[in-house]
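Trainee: One structure follows; several queries about it will come next.
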Amino acid sequence: MNTQTSLNFRSNAAAAIEDKSLRKAMRNATETFGSKRTVAMGSIDFELLREKASNIRMEVINNLPAYIEKFTTKATAAGATVHRAVDAKSANQIIAGILQDHNVKMVAKGKSMVSEETHLNAHLEEEGFEVVETDLGEYIIQLEGETPSHIIVPAIHKNRQQIGKLFHERLDMEYSEDPQALTKFARKVLREKFLTADAGISGANFAIAESGSLILFTNEGNGRMVTSVPPLHIAILSVEKILPSLAELPTFMRLLPRSATGQMLTSYVSILTGNRKEGDATGAQELHVVLLDNGRSEILKGDCREILKCIRCGACMNVCPVYRTVGGHSYGWTYPGPMGIVLTTLLTGMANSYSLVDASTLCGACNDACPVKVPLKEMILKQRVRRVTEGYSSTAVSLGMSLFGLAIKHPLMFSTGETLASKFWSVMRTVGGENVAGRLPCPAKIPFSRRMS
Amino acid sequence: MSVTDANVALFMENAAKVAAGLHQIAGTDELKGKLAEIVERDVDVFCPKQTELENLAAGFLDRLIPHYREAWVTVEEVTAAIAETGSIVCTSANGKAVQASLIPSHHVALVPREKIFATLDDFFAVYGVSPSTNMTIITGPSRTADIELNLVIGVHGPEKLDIVVI
């Protein structure tokens with residue numbers, strides 16, 4: 001699965017559609033999320049709240065350098081060490097360097113999509129560190145050597161039989177397909193890791209400029225473990241995840257869990273401000289925060305900057321007819337679904353991702369679901385335009401579009417074309433191949449325009 | 001109904017939705033009986049004994065041990081509670097170990113009724129200005145749905161959360 005790239009979207013998707021157990025898992029998951037989300041939204045005024053959330057996020061994005069500066073100052077004052085990483089490589093090097101300085105052998109890791117983006121685990125393992133994912137879903141895919149297929153439920157594509165078999169083979173657990181038994185077993189194995197880890201690495205959902213705090217929304221408790229039990233805590237997050245102050249947090253506490261899992265609130269919301277201070281009995285002795293840019297500053301300059309409002313809830317995926325059918329791995333990079341199409345094309349470049357811009361029906365369900373009003377549909381359309389202007393559309397499509405453009409301006413040419421097409425459709429199907437054969441209907445024998453005249 | 005009464009009622013309603021064990025007692029004279037009902041017998045108990053209420057509770061608990069790491073259950077007074085979400089809040093202020101609400105399997109939270117805020121905004125207006133090193137807002141027990149979206153209670157944190165409103 002790791003060999004998949006965004007350029008293979010069509011073939012990845014074609015394979016995914018044939019995978020019956022994947023289809024079943026995706027349907028179960030996205031339908032469950034959908035109905036839970038609807039119920040959870042019943043207790044808030046979604047439109048009002050998302051307008052407010054959108055404005056807060058936009059204010060930060062419009063003044064991002066100033067907010068980064070403020071967060072850095074405040075977090076430093078609270079005892080954290082803040083690092084800026086321009087790209088994935090530099091983030092990984094900074095983190096490996098901190099671990100080396102502290103003679104770390106084993107790291108307990110909490111869930112972080114940004115660390116998936118930088119391939120942090122692979123880098124740390126190459127450097128000789130043992131890295132243990134502690135979120136249950138992440139732990140499952142780490143054992144399997146896979147990448148997440150959903151940003152909230154990483155192992156959404158696996159069924160209980162597959163997980164039971166995995167735990168039996170890799171952890172010597174007696175075979176069981178009972179989620180309760182599998183979870184309890186993981187609890188036991190991972191508890192030992194938390195208590196003996198030399199360092200914890202986590203992501204963060206938000207960083208607060210005013211207080212220098214980090215905010216983590218979690219359900220399992222592993223996020224609390226990795227950020228408070230080991231003596232060293234390193235948090236990695238992308239630069240745009242800032243909120244002005246804790247006063248804005250309630251809005252996102254009301255929106256994020258409801259949008260993500262349909263919960264009123266996650267079991268835990270951790271607000272971490274600096275390292276353990278004199279008189280404290282909680283907190284890592286040392287806290288490092290790595291702020292990753294990795295292309296965000298470039299997005300900030302362009303016409304898709306609103307994608308930086310994204311709070312990574314996954315709601316756009318759960319409602320997307322394409323994602324629901326093909327699952328996350330088909331997209332080939334860290335972030336799937338509608339927000340993934342936009343971020344992947346912007347962050348990895350059109351040359352590496354142009355086939356992704358087709359992974360949308362432009363139905364706009366993502367726009368309706370987004371809790372921060374990112375205009376995803378319009379942005380996907382912008383990426384389609386970019387594909388053409390940057391020269392990544394196929395020769396056949398370009399030629400076809402030029403001919404169509406010419407014909408539509410010349411009625412005689414158009415009607416001649418219509419007549420020819422209907423007469424020689426079987427030839428055109430053969431020449432055009434599967435794409436034409438499967439998709440385009442044969443033109444009517446007598447075109448509509450001539451029936452009217 | 002007073003503001004506090006309304007907060008208590010809403011808190012009870014919302015906390016019940018998130019699978020927390022809920023208890024209400026009229027006063028501290030009922031605490032002994034309530035703890036006897038909630039806290040398992042023959043297990044090690046941690047109680048921080050930092051507040052008047054915790055000291056009182058400690059007097060009713062057998063097998064108290066000095067560190068939460070080996071304890072089966074933690075009995076402690078929380079910093080605050082939030083009616084809107086049915087949450088309790090544990091903070092590191094005054095040298096409290098927030099992990100005491102994480103590592104043991106059973107968390108018993110004592111909530112004096114006047115500590116309940118109506119909304120998240122009310123809570124942050126007071127505690128969000130200069131936050132302590134760790135503030136954890138807890139809403140129900142530890143949970144996951146990572147296997148086929150089946151809800152399982154008690155992953156890495158407590159499997160059982162009991163809240164006693166006094």
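Labels for the structure tokens follow display order: chains A, B, ..., residues from 1 in each chain, ligands from 1.
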Assign secondary structure with DSSP using the backbone only, and return the residues of segment 259-398 of chain A in strand (DSSP E or B) as a ChimeraX atom specification.

Mentor: /A:268-273,286-292

Trainee: Using DSSP on the backbone coordinates, identify the residues of segment 128-200 of chain A assigned to alpha helix (DSSP H); present them as number ranges by chain.

Mentor: A: 136-144, 160-171, 179-196

Trainee: If I take atom CA of Arg69 of chain B and atom CA of Pro48 of chain B, how far is one from the other in Å, to one decimal?

Mentor: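 Result for atom CA of Arg69 of chain B versus atom CA of Pro48 of chain B: 12.4 Å, one decimal.
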
Trainee: Pick out the closest residue to chain B from this set: A:Ala207, A:Ala78, A:Leu214, A:Leu272. Count only C-alpha atoms.

Mentor: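 Between A:Ala207, A:Ala78, A:Leu214, A:Leu272, the residue approaching chain B most closely is A:Leu272.
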
Trainee: Using 7 Å as the limit and counting only C-alpha atoms, can you tabulate each residue of chain A that touches chain B, with its shortest atom-to-atom distance in Å and the two atoms involved, as CSV?

Mentor:
residue,atom,partner,partner_atom,distance
A:Ala29,CA,B:Leu149,CA,6.6
A:Leu136,CA,B:Asp146,CA,6.4
A:Gly137,CA,B:Asp146,CA,5.2
A:Val153,CA,B:Asp146,CA,5.9
A:Ala155,CA,B:Asp146,CA,6.6
A:Ile156,CA,B:Glu148,CA,6.6
A:Asn159,CA,B:Glu148,CA,6.0
A:Arg160,CA,B:Ile147,CA,6.3
A:Pro179,CA,B:Ile147,CA,6.1
A:Gln180,CA,B:Val152,CA,5.8
A:Thr183,CA,B:Val155,CA,6.5
A:Lys184,CA,B:Val155,CA,6.8
A:Arg187,CA,B:Val155,CA,5.7
A:Asn219,CA,B:Arg143,CA,5.4
A:Glu220,CA,B:Ser142,CA,4.9
A:Gly221,CA,B:Gly157,CA,4.8
A:Asn222,CA,B:His156,CA,5.7
A:Leu246,CA,B:Gly128,CA,5.6
A:Ala247,CA,B:Phe124,CA,6.1
A:Pro250,CA,B:Leu120,CA,5.7
A:Leu265,CA,B:Thr139,CA,6.8
A:Thr266,CA,B:Thr139,CA,6.7
A:Ser267,CA,B:Thr139,CA,4.5
A:Tyr268,CA,B:Ile138,CA,4.8
A:Val269,CA,B:Ile137,CA,5.0
A:Ser270,CA,B:Thr136,CA,4.5
A:Ile271,CA,B:Met135,CA,5.0
A:Leu272,CA,B:Asn134,CA,4.8
A:Thr273,CA,B:Thr133,CA,4.6
A:Gly274,CA,B:Thr133,CA,6.0
A:Asn275,CA,B:Thr133,CA,6.8
A:Arg276,CA,B:Thr133,CA,6.6
A:Gly279,CA,B:Gly95,CA,5.4
A:Asp280,CA,B:Gly95,CA,4.5
A:Ala281,CA,B:Ala97,CA,4.9
A:Thr282,CA,B:Ala97,CA,5.1
A:Gly283,CA,B:Asn134,CA,6.7

Trainee: Pick out the closest residue to Cys320 of chain A from this set: A:Ser402, A:Cys366, A:Trp333, A:Ala351. Count only C-alpha atoms.

Mentor: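 Comparing A:Ser402, A:Cys366, A:Trp333, A:Ala351 against Cys320 of chain A, the winner is A:Cys366.
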
Trainee: I need the residue nearest Leu249 of chain A from this list: A:Asn28, A:Ala181, A:Lys52, A:Met401. Use only C-alpha atoms for the distance.

Mentor: A:Lys52

Trainee: Taking 3 positions as the minimum chain separation for residues in the same chain, which residues sit within 12 Å of Lys193 of chain A when counting only C-alpha atoms? Answer as a list in words.

Mentor: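 Near Lys193 of chain A, the qualifying residues are Lys105, Met106, Val107, Ala108, Lys109, Glu130, Val131, Val132, Glu133, Thr134, Ala186, Arg187, Lys188, Val189, Leu190, Thr196, Ala197, Asp198, Ala199, Gly200, Asn222, Met225, Val226, Val229 and Pro230 of chain A; His156 of chain B.
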
Trainee: Could you list, as an MDAnalysis selection string, every residue within 12 Å of segment 295-304 of chain A, counting only C-alpha atoms and ignoring same-chain residues fewer than 4 positions away?

Mentor: chainID A and resid 58 60:65 68 85:88 117:118 237:241 291 308:310 339 342:349 374:383 386

Trainee: Taking 2 positions as the minimum chain separation for residues in the same chain, which residues sit within 7 Å of Val8 of chain B when counting only C-alpha atoms? Answer as a ChimeraX atom specification.

Mentor: /B:4-6,10-12,83,113,116

Trainee: Using only C-alpha atoms, which protein or nucleic acid residues come within 7 Å of His233 of chain A? Drop anything in the same chain fewer than 2 positions from it, and give the result as a PDB file with N, CA and C atoms, in the first residue's frame.

Mentor:
ATOM      1  N   ALA A 199      10.560   9.007  26.057  1.00  0.00           N
ATOM      2  CA  ALA A 199       9.997  10.241  25.518  1.00  0.00           C
ATOM      3  C   ALA A 199       8.619   9.970  24.937  1.00  0.00           C
ATOM      4  N   GLY A 200       7.807  11.016  24.906  1.00  0.00           N
ATOM      5  CA  GLY A 200       6.501  10.927  24.256  1.00  0.00           C
ATOM      6  C   GLY A 200       6.470  11.913  23.098  1.00  0.00           C
ATOM      7  N   ILE A 201       5.915  11.483  21.966  1.00  0.00           N
ATOM      8  CA  ILE A 201       5.720  12.403  20.841  1.00  0.00           C
ATOM      9  C   ILE A 201       4.219  12.459  20.544  1.00  0.00           C
ATOM     10  N   THR A 227       1.850  12.654  26.767  1.00  0.00           N
ATOM     11  CA  THR A 227       2.199  14.043  27.038  1.00  0.00           C
ATOM     12  C   THR A 227       2.497  14.307  28.514  1.00  0.00           C
ATOM     13  N   PRO A 230       6.078  10.280  30.249  1.00  0.00           N
ATOM     14  CA  PRO A 230       7.528  10.296  30.022  1.00  0.00           C
ATOM     15  C   PRO A 230       8.154  11.652  30.406  1.00  0.00           C
ATOM     16  N   PRO A 231       9.432  11.662  30.734  1.00  0.00           N
ATOM     17  CA  PRO A 231      10.069  12.915  31.173  1.00  0.00           C
ATOM     18  C   PRO A 231      10.239  13.954  30.056  1.00  0.00           C
ATOM     19  N   ALA A 235       6.011  17.828  20.837  1.00  0.00           N
ATOM     20  CA  ALA A 235       4.749  17.954  20.086  1.00  0.00           C
ATOM     21  C   ALA A 235       5.072  18.493  18.704  1.00  0.00           C
ATOM     22  N   ALA A 284       5.623  17.009  31.516  1.00  0.00           N
ATOM     23  CA  ALA A 284       6.960  16.544  31.171  1.00  0.00           C
ATOM     24  C   ALA A 284       7.988  17.535  31.709  1.00  0.00           C
ATOM     25  N   GLU A 286      10.613  18.334  30.279  1.00  0.00           N
ATOM     26  CA  GLU A 286      11.045  19.145  29.142  1.00  0.00           C
ATOM     27  C   GLU A 286      10.023  19.035  28.026  1.00  0.00           C
ATOM     28  N   LEU A 287       9.652  20.176  27.478  1.00  0.00           N
ATOM     29  CA  LEU A 287       8.660  20.193  26.391  1.00  0.00           C
ATOM     30  C   LEU A 287       9.233  20.902  25.162  1.00  0.00           C
ATOM     31  N   HIS A 288       9.198  20.216  24.026  1.00  0.00           N
ATOM     32  CA  HIS A 288       9.620  20.827  22.763  1.00  0.00           C
ATOM     33  C   HIS A 288       8.430  20.877  21.815  1.00  0.00           C
TER      34      HIS A 288
END

Trainee: Excluding Val73 of chain B and its own-chain neighbours fewer than 4 positions away, which residues fall within 6 Å of it when counting only C-alpha atoms? Please give them as a PyMOL selection string.

Mentor: chain B and resi 45+104+106-107
